[in-house]
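Novice: So I've got this file, start-v1.cif, and it contains mmCIF, C-alpha atoms:
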```
data_upload
loop_
_atom_site.label_atom_id
_atom_site.label_comp_id
_atom_site.auth_asym_id
_atom_site.auth_seq_id
_atom_site.Cartn_x
_atom_site.Cartn_y
_atom_site.Cartn_z
CA MET P 1375 101.13 -63.81 51.85
CA THR P 1376 102.38 -67.26 50.92
CA ASN P 1377 101.91 -68.18 47.28
CA LEU P 1378 99.01 -70.55 46.53
CA LEU P 1379 99.85 -73.00 43.77
CA LYS P 1380 97.29 -73.52 41.04
CA THR P 1381 95.73 -76.98 41.10
CA THR P 1382 93.45 -78.82 38.72
CA GLY P 1383 89.82 -77.79 38.85
CA ALA P 1384 88.88 -81.42 39.45
CA TRP P 1385 90.33 -81.33 42.95
CA PRO P 1386 87.79 -80.25 45.61
CA GLN P 1387 88.84 -77.63 48.17
CA PRO P 1388 87.11 -78.13 51.53
CA LEU P 1389 89.87 -76.13 53.24
CA LEU P 1390 90.58 -73.18 50.91
CA GLY P 1391 87.53 -73.08 48.66
CA ARG P 1392 85.74 -70.36 50.62
CA SER P 1393 88.83 -68.16 50.93
CA ALA P 1394 88.76 -67.36 47.23
CA GLU P 1395 85.33 -65.74 47.61
CA VAL P 1396 85.23 -64.13 51.06
CA ASP P 1397 87.37 -61.63 52.96
CA PRO P 1398 88.94 -63.46 55.93
CA THR P 1399 87.32 -61.16 58.52
CA ASP P 1400 83.94 -60.68 56.80
CA LEU P 1401 81.60 -62.71 58.97
CA ASP P 1402 78.49 -61.93 56.94
CA GLY P 1403 80.20 -63.02 53.73
CA ALA P 1404 81.53 -66.17 55.37
CA VAL P 1405 78.09 -67.07 56.75
CA LYS P 1406 76.55 -66.65 53.30
CA ALA P 1407 79.24 -69.02 52.00
CA GLY P 1408 78.39 -71.66 54.62
CA ALA P 1409 80.41 -70.73 57.70
CA PHE P 1410 78.90 -72.06 60.96
CA ASP P 1411 76.34 -74.20 59.13
CA GLY P 1412 78.27 -77.21 60.41
CA LEU P 1413 78.10 -75.90 63.98
CA LYS P 1414 74.35 -75.34 63.66
CA LYS P 1415 73.97 -78.96 62.58
CA ALA P 1416 76.28 -80.17 65.35
CA VAL P 1417 74.30 -78.58 68.18
CA GLY P 1418 71.19 -80.24 66.79
CA LEU P 1419 72.88 -83.58 67.37
CA SER P 1420 74.00 -85.18 70.60
CA PRO P 1421 77.74 -85.03 71.30
CA ALA P 1422 77.87 -88.74 70.50
CA GLY P 1423 76.09 -88.03 67.24
CA VAL P 1424 78.77 -85.51 66.26
CA VAL P 1425 81.53 -88.01 67.04
CA GLY P 1426 79.66 -90.58 64.97
CA GLU P 1427 79.51 -88.21 61.99
CA ILE P 1428 83.27 -87.64 62.20
CA ARG P 1429 83.82 -91.39 62.46
CA ASP P 1430 81.62 -92.08 59.45
CA ALA P 1431 83.63 -89.52 57.46
CA GLY P 1432 86.89 -91.33 58.26
CA LEU P 1433 88.66 -88.09 59.25
CA ARG P 1434 92.27 -88.60 60.33
CA GLY P 1435 94.39 -85.94 61.99
CA ARG P 1436 96.37 -83.71 59.64
CA GLY P 1437 99.14 -83.08 62.18
CA GLY P 1438 101.29 -85.77 60.57
CA ALA P 1439 100.47 -89.01 62.36
CA GLY P 1440 97.03 -89.53 60.83
CA PHE P 1441 95.35 -90.73 64.04
CA PRO P 1442 91.56 -91.24 63.68
CA THR P 1443 89.93 -88.03 64.93
CA ALA P 1444 86.76 -89.70 66.21
CA ASP P 1445 88.77 -92.03 68.45
CA LYS P 1446 90.50 -89.06 70.09
CA TRP P 1447 87.22 -87.20 70.62
CA GLN P 1448 85.49 -90.28 71.99
CA LEU P 1449 88.27 -90.92 74.48
CA ALA P 1450 88.17 -87.34 75.75
CA ALA P 1451 84.38 -87.35 76.00
CA SER P 1452 84.24 -90.66 77.92
CA THR P 1453 87.02 -89.91 80.41
CA PRO P 1454 85.50 -88.71 83.71
CA ALA P 1455 86.52 -85.13 84.49
CA ASP P 1456 85.20 -81.86 85.92
CA ARG P 1457 86.47 -79.99 82.87
CA ARG P 1458 87.74 -80.64 79.34
CA TYR P 1459 89.73 -78.63 76.81
CA VAL P 1460 90.28 -78.37 73.07
CA VAL P 1461 93.62 -77.05 71.79
CA ALA P 1462 94.20 -76.10 68.17
CA ASN P 1463 97.87 -76.57 67.35
CA GLY P 1464 98.60 -73.80 64.85
CA TYR P 1465 102.18 -73.38 65.98
CA GLY P 1466 103.64 -74.75 62.75
CA ALA P 1467 106.81 -76.28 64.16
CA ASP P 1468 108.57 -76.61 60.79
CA PRO P 1469 109.94 -73.09 60.16
CA ALA P 1470 109.90 -73.63 56.39
CA VAL P 1471 106.26 -74.69 56.09
CA ARG P 1472 103.33 -72.26 55.87
CA THR P 1473 100.33 -74.56 55.48
CA ASP P 1474 98.71 -73.78 58.84
CA VAL P 1475 99.43 -70.07 58.54
CA VAL P 1476 97.80 -69.99 55.11
CA LEU P 1477 94.59 -71.48 56.51
CA MET P 1478 94.52 -69.19 59.55
CA GLU P 1479 95.09 -66.11 57.43
CA ARG P 1480 92.61 -67.00 54.67
CA ASP P 1481 89.73 -68.61 56.58
CA PRO P 1482 89.93 -68.11 60.36
CA PHE P 1483 86.19 -68.78 60.71
CA ALA P 1484 86.72 -72.38 59.59
CA LEU P 1485 89.10 -72.93 62.51
CA ILE P 1486 86.80 -71.24 65.02
CA GLU P 1487 83.84 -73.28 63.83
CA GLY P 1488 85.81 -76.53 63.99
CA LEU P 1489 86.94 -75.72 67.53
CA ALA P 1490 83.36 -75.13 68.59
CA ILE P 1491 82.24 -78.43 67.06
CA ALA P 1492 85.02 -80.34 68.83
CA ALA P 1493 84.18 -78.62 72.12
CA TRP P 1494 80.50 -79.55 71.74
CA ALA P 1495 81.42 -83.16 70.98
CA ILE P 1496 83.62 -83.67 74.05
CA GLY P 1497 81.85 -81.36 76.51
CA ALA P 1498 84.54 -78.66 76.72
CA ASP P 1499 83.86 -75.05 77.69
CA THR P 1500 87.37 -73.76 77.01
CA ALA P 1501 89.47 -73.83 73.86
CA ILE P 1502 92.89 -72.45 72.96
CA ILE P 1503 94.37 -71.60 69.59
CA ALA P 1504 98.17 -71.84 69.85
CA VAL P 1505 99.91 -69.70 67.22
CA ARG P 1506 103.58 -68.93 66.67
CA ALA P 1507 104.11 -65.51 68.27
CA THR P 1508 105.89 -64.13 65.20
CA GLU P 1509 102.85 -64.76 62.95
CA THR P 1510 101.36 -61.38 63.77
CA ASP P 1511 99.15 -61.15 60.67
CA ALA P 1512 97.53 -64.49 61.43
CA ILE P 1513 97.03 -63.52 65.08
CA ARG P 1514 95.39 -60.20 64.19
CA GLY P 1515 93.09 -61.92 61.71
CA LEU P 1516 92.09 -64.57 64.24
CA GLU P 1517 91.42 -61.94 66.88
CA ALA P 1518 89.15 -59.98 64.54
CA ALA P 1519 87.33 -63.13 63.41
CA LEU P 1520 86.89 -64.38 66.97
CA ALA P 1521 85.49 -61.03 68.12
CA ALA P 1522 82.96 -61.08 65.26
CA ALA P 1523 81.95 -64.68 66.01
CA GLU P 1524 81.47 -63.89 69.70
CA GLU P 1525 79.37 -60.82 68.94
CA ALA P 1526 77.17 -62.89 66.63
CA GLY P 1527 76.67 -65.55 69.32
CA PHE P 1528 78.39 -68.42 67.55
CA VAL P 1529 80.83 -68.78 70.46
CA GLY P 1530 81.33 -67.09 73.80
CA ASP P 1531 78.92 -66.81 76.71
CA GLU P 1532 76.10 -68.39 74.72
CA LEU P 1533 76.92 -71.02 72.11
CA LEU P 1534 74.12 -70.70 69.53
CA ASP P 1535 71.43 -70.40 72.24
CA THR P 1536 72.24 -73.86 73.57
CA GLY P 1537 72.75 -72.76 77.16
CA ARG P 1538 76.41 -73.74 76.91
CA SER P 1539 79.35 -71.38 76.71
CA LEU P 1540 82.66 -71.68 74.92
CA SER P 1541 85.58 -69.43 75.76
CA ILE P 1542 88.25 -69.37 73.03
CA GLU P 1543 91.67 -67.88 73.73
CA ILE P 1544 94.27 -67.08 71.09
CA ARG P 1545 97.62 -67.86 72.70
CA PRO P 1546 100.82 -66.67 70.97
CA VAL P 1547 103.59 -69.13 71.81
CA GLN P 1548 107.28 -69.19 71.01
CA GLY P 1549 109.73 -72.01 71.37
CA ALA P 1550 111.54 -74.74 69.56
CA TYR P 1551 110.65 -77.33 66.93
CA MET P 1552 109.51 -79.66 69.72
CA LEU P 1553 106.33 -77.62 70.23
CA GLY P 1554 104.87 -79.58 67.35
CA GLU P 1555 104.62 -82.55 69.73
CA GLU P 1556 101.30 -82.33 71.55
CA THR P 1557 102.47 -83.07 75.10
CA VAL P 1558 105.26 -80.49 74.72
CA LEU P 1559 102.77 -77.89 73.52
CA LEU P 1560 100.51 -78.55 76.49
CA LYS P 1561 103.40 -78.04 78.89
CA ALA P 1562 104.25 -74.76 77.19
CA LEU P 1563 100.64 -73.62 77.56
CA GLU P 1564 100.88 -74.42 81.28
CA GLY P 1565 104.08 -72.38 81.58
CA ARG P 1566 106.25 -75.44 82.17
CA ARG P 1567 109.40 -76.72 80.51
CA GLY P 1568 108.65 -78.08 77.05
CA GLN P 1569 109.52 -81.77 77.19
CA PRO P 1570 107.40 -84.73 76.08
CA GLU P 1571 105.54 -87.05 78.42
CA GLN P 1572 105.34 -90.82 78.37
CA ARG P 1573 102.15 -92.08 76.72
CA PRO P 1574 99.76 -93.54 77.77
CA PRO P 1575 97.97 -91.76 79.31
CA HIS P 1576 97.29 -89.71 76.20
CA PRO P 1577 96.29 -86.04 76.38
CA ALA P 1578 92.72 -87.04 75.55
CA GLU P 1579 92.72 -88.76 78.97
CA ARG P 1580 95.03 -86.45 80.92
CA GLY P 1581 96.22 -83.33 79.14
CA LEU P 1582 96.09 -79.62 79.94
CA PHE P 1583 96.13 -79.13 83.72
CA GLY P 1584 95.51 -82.84 84.10
CA ARG P 1585 92.14 -82.77 82.30
CA PRO P 1586 91.06 -84.56 79.12
CA THR P 1587 92.29 -82.47 76.20
CA VAL P 1588 91.82 -82.84 72.47
CA VAL P 1589 94.88 -81.44 70.70
CA GLN P 1590 94.16 -81.11 67.00
CA ASN P 1591 95.87 -79.64 63.98
CA ILE P 1592 93.92 -76.68 62.61
CA GLN P 1593 93.34 -78.37 59.25
CA THR P 1594 91.62 -81.24 61.06
CA LEU P 1595 89.29 -78.85 62.86
CA ALA P 1596 88.45 -76.94 59.67
CA LEU P 1597 87.67 -80.22 57.92
CA ALA P 1598 85.41 -81.25 60.82
CA ALA P 1599 83.36 -78.10 60.17
CA TRP P 1600 83.11 -79.01 56.47
CA ILE P 1601 82.05 -82.57 57.30
CA LEU P 1602 79.22 -81.45 59.57
CA ARG P 1603 78.03 -79.03 56.89
CA GLU P 1604 78.34 -81.24 53.80
CA GLY P 1605 77.97 -84.69 55.31
CA ALA P 1606 80.22 -87.66 55.99
CA GLN P 1607 79.61 -89.34 52.65
CA ALA P 1608 80.60 -86.23 50.69
CA PHE P 1609 83.90 -86.26 52.57
CA ARG P 1610 84.35 -90.00 52.02
CA ALA P 1611 84.12 -89.42 48.28
CA ILE P 1612 87.31 -87.32 48.27
CA GLY P 1613 90.79 -88.79 48.02
CA ASP P 1614 92.13 -91.99 49.58
CA PRO P 1615 89.41 -94.39 50.85
CA ALA P 1616 91.65 -95.22 53.83
CA ALA P 1617 92.26 -91.53 54.56
CA PRO P 1618 89.55 -89.42 52.91
CA GLY P 1619 89.64 -85.70 52.29
CA THR P 1620 92.24 -83.12 51.38
CA ILE P 1621 95.38 -81.76 53.00
CA LEU P 1622 97.55 -78.67 52.60
CA VAL P 1623 101.05 -79.31 51.26
CA HIS P 1624 103.97 -76.89 50.98
CA VAL P 1625 105.81 -77.78 47.78
CA ARG P 1626 109.29 -76.66 46.70
CA GLY P 1627 111.50 -77.43 43.74
CA GLY P 1628 112.43 -76.36 40.26
CA GLY P 1629 112.49 -72.71 41.26
CA GLY P 1630 108.84 -72.74 42.37
CA ALA P 1631 107.28 -72.91 45.81
CA GLY P 1632 103.91 -72.52 47.45
CA VAL P 1633 101.02 -74.16 49.27
CA ALA P 1634 98.42 -76.34 47.57
CA GLU P 1635 95.35 -78.22 48.73
CA VAL P 1636 95.49 -81.76 47.39
CA PRO P 1637 93.37 -84.88 47.93
CA LEU P 1638 95.10 -87.47 50.07
CA GLY P 1639 96.25 -90.28 47.79
CA THR P 1640 97.49 -87.91 45.07
CA PRO P 1641 100.76 -89.26 43.59
CA LEU P 1642 103.91 -87.42 44.62
CA ARG P 1643 104.60 -86.82 40.93
CA ALA P 1644 101.47 -84.67 40.59
CA ILE P 1645 102.29 -82.75 43.77
CA VAL P 1646 105.87 -81.81 42.89
CA ALA P 1647 104.72 -80.89 39.39
CA LEU P 1648 102.65 -78.08 40.94
CA ALA P 1649 105.90 -76.20 41.65
CA GLY P 1650 107.17 -76.69 38.10
CA THR P 1651 109.66 -79.32 39.20
CA ILE P 1652 108.92 -81.94 36.56
CA THR P 1653 108.97 -80.83 32.94
CA ARG P 1654 109.16 -82.72 29.68
CA SER P 1655 112.57 -81.30 28.81
CA GLY P 1656 114.19 -80.89 32.22
CA PRO P 1657 116.01 -83.53 34.28
CA ALA P 1658 114.10 -85.44 36.93
CA PRO P 1659 114.85 -84.57 40.57
CA ARG P 1660 117.46 -86.73 42.25
CA ALA P 1661 115.30 -87.20 45.33
CA ILE P 1662 112.16 -86.00 47.06
CA LEU P 1663 112.21 -85.06 50.74
CA VAL P 1664 108.78 -85.82 52.19
CA GLY P 1665 107.81 -84.84 55.73
CA GLY P 1666 110.05 -81.93 56.70
CA PRO P 1667 113.33 -82.02 58.66
CA SER P 1668 112.57 -85.52 59.95
CA GLY P 1669 111.22 -86.74 56.63
CA GLY P 1670 112.28 -89.49 54.30
CA ILE P 1671 114.53 -88.88 51.29
CA LEU P 1672 112.94 -90.87 48.49
CA PRO P 1673 114.34 -91.65 45.02
CA ALA P 1674 112.70 -90.34 41.85
CA ASP P 1675 111.44 -93.82 40.97
CA LEU P 1676 109.00 -93.54 43.89
CA LEU P 1677 107.30 -90.46 42.46
CA ASP P 1678 104.15 -92.48 41.84
CA THR P 1679 103.75 -93.19 45.57
CA PRO P 1680 100.39 -91.88 46.83
CA TYR P 1681 100.70 -88.98 49.25
CA SER P 1682 98.85 -90.50 52.19
CA PHE P 1683 99.65 -91.68 55.69
CA ASP P 1684 99.98 -95.43 55.24
CA GLU P 1685 101.55 -95.38 51.77
CA LEU P 1686 104.27 -92.95 52.79
CA ARG P 1687 105.09 -94.93 55.93
CA ALA P 1688 105.47 -98.05 53.80
CA VAL P 1689 108.27 -96.44 51.78
CA GLY P 1690 110.05 -94.82 54.74
CA ALA P 1691 108.62 -91.31 54.77
CA HIS P 1692 105.63 -89.62 56.42
CA VAL P 1693 103.26 -86.69 56.01
CA GLY P 1694 104.96 -84.88 58.89
CA SER P 1695 104.86 -81.11 58.55
CA GLY P 1696 103.29 -81.24 55.09
CA SER P 1697 106.52 -80.41 53.27
CA VAL P 1698 107.43 -81.90 49.88
CA VAL P 1699 110.79 -80.80 48.45
CA ALA P 1700 112.19 -81.97 45.13
CA THR P 1701 115.98 -81.71 44.93
CA ALA P 1702 118.11 -80.83 41.92
CA ALA P 1703 119.19 -83.65 39.62
CA GLU P 1704 122.78 -83.42 40.91
CA ALA P 1705 121.93 -83.21 44.63
CA ASP P 1706 124.16 -84.91 47.20
CA VAL P 1707 121.63 -86.89 49.23
CA LEU P 1708 124.03 -87.74 52.06
CA ASP P 1709 124.88 -84.07 52.43
CA LEU P 1710 121.14 -83.34 52.69
CA ALA P 1711 120.75 -86.10 55.29
CA GLU P 1712 123.58 -84.58 57.33
CA LEU P 1713 121.92 -81.16 57.31
CA LEU P 1714 118.58 -82.57 58.42
CA THR P 1715 120.12 -84.80 61.09
CA ARG P 1716 122.01 -81.84 62.53
CA PHE P 1717 118.81 -79.79 62.67
CA CYS P 1718 116.91 -82.57 64.45
CA ALA P 1719 119.76 -83.13 66.91
CA GLY P 1720 119.91 -79.41 67.68
CA GLU P 1721 116.15 -79.22 68.26
CA ALA P 1722 116.03 -82.29 70.53
CA CYS P 1723 114.93 -81.44 74.08
CA GLY P 1724 117.43 -83.80 75.73
CA LYS P 1725 115.03 -85.53 78.11
CA THR P 1726 116.17 -89.04 77.20
CA ILE P 1727 119.51 -90.55 76.24
CA PRO P 1728 118.44 -91.41 72.66
CA CYS P 1729 117.39 -87.79 72.27
CA ARG P 1730 120.27 -86.12 74.12
CA ILE P 1731 123.14 -88.31 72.93
CA GLY P 1732 121.96 -90.64 70.17
CA THR P 1733 120.88 -87.99 67.68
CA ARG P 1734 124.13 -86.06 68.18
CA ARG P 1735 126.20 -89.19 67.60
CA LEU P 1736 124.32 -89.74 64.34
CA ASP P 1737 125.24 -86.20 63.31
CA GLU P 1738 128.90 -86.76 64.21
CA ILE P 1739 129.11 -89.99 62.22
CA VAL P 1740 127.53 -88.66 59.03
CA THR P 1741 129.58 -85.46 59.30
CA ARG P 1742 132.89 -87.30 59.25
CA ILE P 1743 131.68 -89.54 56.41
CA ASN P 1744 130.84 -86.48 54.33
CA ALA P 1745 134.16 -84.89 55.31
CA GLY P 1746 136.03 -87.83 53.76
CA THR P 1747 137.35 -89.23 57.06
CA PRO P 1748 135.06 -92.19 57.83
CA ARG P 1749 135.97 -94.99 60.20
CA PRO P 1750 135.72 -98.59 59.02
CA THR P 1751 132.68 -99.28 61.22
CA ASP P 1752 130.74 -96.06 60.48
CA GLY P 1753 128.27 -97.62 58.05
CA GLN P 1754 127.19 -100.26 60.53
CA LEU P 1755 127.22 -97.73 63.37
CA LEU P 1756 124.70 -95.60 61.50
CA ALA P 1757 122.41 -98.58 61.02
CA ASP P 1758 122.74 -99.88 64.60
CA LEU P 1759 122.40 -96.51 66.32
CA SER P 1760 119.39 -95.54 64.20
CA ALA P 1761 117.66 -98.80 65.13
CA ASP P 1762 118.44 -98.27 68.84
CA ILE P 1763 117.01 -94.72 68.79
CA VAL P 1764 113.82 -95.88 67.10
CA ALA P 1765 113.40 -98.73 69.58
CA SER P 1766 114.01 -96.70 72.74
CA GLY P 1767 112.93 -93.13 71.94
CA LEU P 1768 110.30 -91.46 74.12
CA CYS P 1769 108.62 -89.36 71.43
CA ASP P 1770 108.28 -89.19 67.68
CA HIS P 1771 110.87 -86.44 67.34
CA GLU P 1772 113.79 -88.66 68.25
CA ARG P 1773 112.40 -91.70 66.43
CA LEU P 1774 111.71 -89.77 63.24
CA ALA P 1775 115.02 -87.91 63.43
CA THR P 1776 116.61 -91.06 62.03
CA LEU P 1777 114.51 -91.05 58.84
CA PRO P 1778 116.75 -88.89 56.63
CA LEU P 1779 119.70 -91.24 57.21
CA THR P 1780 117.80 -94.52 57.15
CA SER P 1781 116.08 -93.56 53.91
CA VAL P 1782 119.47 -92.80 52.34
CA MET P 1783 120.74 -96.18 53.56
CA ARG P 1784 117.67 -97.80 52.05
CA TYR P 1785 117.57 -96.11 48.66
CA PHE P 1786 120.99 -94.55 48.03
CA GLN P 1787 123.39 -97.22 49.26
CA ALA P 1788 125.84 -96.55 46.42
CA ASP P 1789 126.22 -92.91 47.52
CA LEU P 1790 126.99 -93.95 51.08
CA GLU P 1791 129.35 -96.75 50.12
CA ALA P 1792 131.29 -94.42 47.83
CA LYS P 1793 131.91 -92.05 50.73
CA LEU P 1794 132.89 -94.92 53.01
CA GLN P 1795 135.67 -96.05 50.65
CA PRO P 1796 138.39 -93.89 52.26
CA ALA P 1797 138.09 -96.22 55.24
CA GLN P 1798 140.20 -98.76 53.26
CA GLY P 1799 137.19 -100.52 51.78
CA GLN P 1800 136.08 -101.82 55.17
CA ALA P 1801 132.63 -100.29 55.02
CA ALA P 1802 129.63 -102.42 55.90
CA ALA P 1803 128.10 -104.65 53.27
CA PRO P 1804 125.02 -103.35 51.42
CA HIS P 1805 122.61 -105.71 53.14
CA GLU P 1806 123.88 -104.55 56.53
CA LEU P 1807 123.44 -100.88 55.68
CA ALA P 1808 119.87 -101.47 54.60
CA ALA P 1809 118.94 -103.63 57.57
CA VAL P 1810 117.55 -100.73 59.59
CA ALA P 1811 115.06 -100.04 56.78
CA ASP P 1812 113.24 -103.24 57.74
CA GLY P 1813 111.86 -101.28 60.69
CA ASP P 1814 109.58 -98.28 60.28
CA PRO P 1815 110.35 -95.29 62.52
CA ALA P 1816 107.40 -93.47 60.93
CA GLN P 1817 104.86 -95.82 62.47
#
```
So that I can check it, write out the structure of this file as structure tokens.
Specialist:
Amino acid sequence: MTNLLKTTGAWPQPLLGRSAEVDPTDLDGAVKAGAFDGLKKAVGLSPAGVVGEIRDAGLRGRGGAGFPTADKWQLAASTPADRRYVVANGYGADPAVRTDVVLMERDPFALIEGLAIAAWAIGADTAIIAVRATETDAIRGLEAALAAAEEAGFVGDELLDTGRSLSIEIRPVQGAYMLGEETVLLKALEGRRGQPEQRPPHPAERGLFGRPTVVQNIQTLALAAWILREGAQAFRAIGDPAAPGTILVHVRGGGGAGVAEVPLGTPLRAIVALAGTITRSGPAPRAILVGGPSGGILPADLLDTPYSFDELRAVGAHVGSGSVVATAAEADVLDLAELLTRFCAGEACGKTIPCRIGTRRLDEIVTRINAGTPRPTDGQLLADLSADIVASGLCDHERLATLPLTSVMRYFQADLEAKLQPAQGQAAAPHELAAVADGDPAQ
């Protein structure tokens, strides 16, 4: 199992708190610890009342974008349809991040309960848990937990004696990084080619098989269960007032690595310290990669930035996959940006020209700069092409694929200019290289 990093006792644990006390497949133990209390409260409310509770709590999606959960549920519930769906995205597109797997393995009942609450709120009778096919331990645990929940009547043919049913299917899926994008995941679940769709309409209006579909990260669903059990105000009291609650983060650096549950708004400095990265005697990291392969590469002087949706976007990063990586003090940030850009270009689906061609051109440009053979216009080309991709991209994958390079242009201009010098000193001026940073591809 993935290592859990020790956090301060002052930090609440709505997501992982129960897992320390209860076996993941012990329904009786989980119920004694509060499992399905939130669902019992939810079915005593109207669907609109459940959505209102989520709205009062200020819950925002933990899938990376931070979209208000209540808005998504309300849209799905109000869109006329003969059927609605809820999809839990537990695919975990970033291959180096284990946050979702940790939650599924350690408290599958929280996910099942959250799914049932979302289904009640929007009027859905079918839900799907999408899991990476190679995560066999998580799948077996979910199957055992789901069977126990169905036998106890929490879900299945009779949802807590309400007269409504809820069928939950665990669907192993396998594919590329793009499955983290909700419209791509829905196509994969339909057996179609995994490419993103133009939005609007959003999946909450027209999603799986053309019906309103709530696609939600599993942490979001588990937190919804906690909110219905403990109350909106208890959730509001945790973390960032603009984005309350906790989130799971996969931290690496300084020889340590693991998953931790932290309140949103926690400074990056406190998060990277969990992995032993920052010590009194050791050198500070050169940079912090925040958000996964399409994340922003931030300098050490931004370590006091709060880890939350809006604050990270303001500095050119994003929550993304929940990854926070502190580099070594001597790290080559442009070399790191090249590696990440190549990964994003290779994982692009190719549906649009910015995706199919633009990301690969970015990779080619930064590769020759790092190889010591830059062209005189390469600095400005990086800035211009990044801006064009952000402005014309269809989905967040291609727009965010520019972040590693634009963050280097914004914060590590000297590194880039030094590598552009072989081009006879004709590299772009500093203000030109940083111009693309005025935009925000993470929005």
Novice: List the residues matched by the PyMOL selection byres ((chain P and resi 1635-1642) around 6) in the displayed structure as a PDB file with C-alpha atoms, in the frame of the given file, ordered by chain and then by residue number.
Specialist:
```pdb
ATOM      1  CA  GLY P1613      90.790 -88.790  48.020  1.00  0.00           C
ATOM      2  CA  ASP P1614      92.130 -91.990  49.580  1.00  0.00           C
ATOM      3  CA  GLY P1619      89.640 -85.700  52.290  1.00  0.00           C
ATOM      4  CA  THR P1620      92.240 -83.120  51.380  1.00  0.00           C
ATOM      5  CA  ILE P1621      95.380 -81.760  53.000  1.00  0.00           C
ATOM      6  CA  LEU P1622      97.550 -78.670  52.600  1.00  0.00           C
ATOM      7  CA  ALA P1634      98.420 -76.340  47.570  1.00  0.00           C
ATOM      8  CA  ARG P1643     104.600 -86.820  40.930  1.00  0.00           C
ATOM      9  CA  ALA P1644     101.470 -84.670  40.590  1.00  0.00           C
ATOM     10  CA  ILE P1645     102.290 -82.750  43.770  1.00  0.00           C
ATOM     11  CA  LEU P1677     107.300 -90.460  42.460  1.00  0.00           C
ATOM     12  CA  ASP P1678     104.150 -92.480  41.840  1.00  0.00           C
ATOM     13  CA  THR P1679     103.750 -93.190  45.570  1.00  0.00           C
ATOM     14  CA  PRO P1680     100.390 -91.880  46.830  1.00  0.00           C
ATOM     15  CA  TYR P1681     100.700 -88.980  49.250  1.00  0.00           C
ATOM     16  CA  SER P1682      98.850 -90.500  52.190  1.00  0.00           C
TER      17      SER P1682
END
```
Novice: Find the residues around Ala1703 (chain P) up to 7 Å (all atoms listed in the file counted), leave out those fewer than 6 positions away in its own chain, and share them as a list in words.
Specialist: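 So, after excluding close chain neighbours, the residues are Pro1657, Ala1658, Pro1659 and Arg1660 of chain P.
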Novice: How close does each residue of region 1396-1435 of chain P get to region 1468-1483 of chain P, giving the shortest atom pair and distance in Å to one decimal for every residue with an atom at most 12 Å away, counting all atoms listed in the file, sorted by chain and residue number, as a tab-separated table?
Specialist:
```
residue	atom	partner	partner_atom	distance
P:Val1396	CA	P:Asp1481	CA	8.4
P:Asp1397	CA	P:Arg1480	CA	7.7
P:Pro1398	CA	P:Asp1481	CA	5.3
P:Thr1399	CA	P:Pro1482	CA	7.6
P:Asp1400	CA	P:Phe1483	CA	9.3
P:Leu1401	CA	P:Phe1483	CA	7.8
P:Asp1402	CA	P:Phe1483	CA	11.0
P:Gly1403	CA	P:Phe1483	CA	10.9
P:Ala1404	CA	P:Phe1483	CA	7.6
P:Val1405	CA	P:Phe1483	CA	9.2
P:Ala1407	CA	P:Phe1483	CA	11.1
P:Gly1408	CA	P:Phe1483	CA	10.3
P:Ala1409	CA	P:Phe1483	CA	6.8
P:Phe1410	CA	P:Phe1483	CA	8.0
P:Asp1411	CA	P:Phe1483	CA	11.4
P:Gly1412	CA	P:Phe1483	CA	11.6
P:Leu1413	CA	P:Phe1483	CA	11.3
```
Novice: Evaluate the PyMOL selection byres ((chain P and resi 1579-1593) around 8) on the structure here and hand back the selected residues as a ChimeraX atom specification.
Specialist: /P:1389,1435-1437,1446-1447,1449-1451,1453,1455-1464,1474,1477,1485,1556-1557,1560-1561,1563-1564,1575-1578,1594-1597,1621-1622
Novice: Leaving out Val1689 (chain P) and any residue of its chain fewer than 3 positions from it, which residues lie within 10 Å of it when counting all atoms listed in the file, given as a PyMOL selection string?
Specialist: chain P and resi 1670-1672+1676+1679+1684-1686+1692+1781+1784-1785+1811+1814+1816
Novice: Just how far from CA of Ala1649 (chain P) is CA of Gly1628 (chain P), in Å to one decimal?
Specialist: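 Answer for the CA of Gly1628 (chain P) to CA of Ala1649 (chain P) separation: 6.7 Å.
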Novice: Figure out the distance between CA of Val1664 (chain P) and CA of Val1707 (chain P), please, to one decimal in Å.
Specialist: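 Result for CA of Val1707 (chain P) versus CA of Val1664 (chain P): 13.2 Å, one decimal.
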Novice: State, in Å with one decimal place, the distance from CA of Gly1527 (chain P) to CA of Ala1608 (chain P).
Specialist: 28.1 Å
Novice: Using the chain letters and residue numbers of this document, give as a list in words the residues selected by the PyMOL selection byres ((chain P and resi 1417) around 9).
Specialist: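 Residues picked by the PyMOL selection byres ((chain P and resi 1417) around 9): Gly1412, Leu1413, Lys1414, Lys1415, Ala1416, Gly1418, Leu1419, Ser1420, Pro1421, Val1424, Ile1491, Trp1494, Ala1495, Leu1533, Leu1534 and Thr1536 of chain P.
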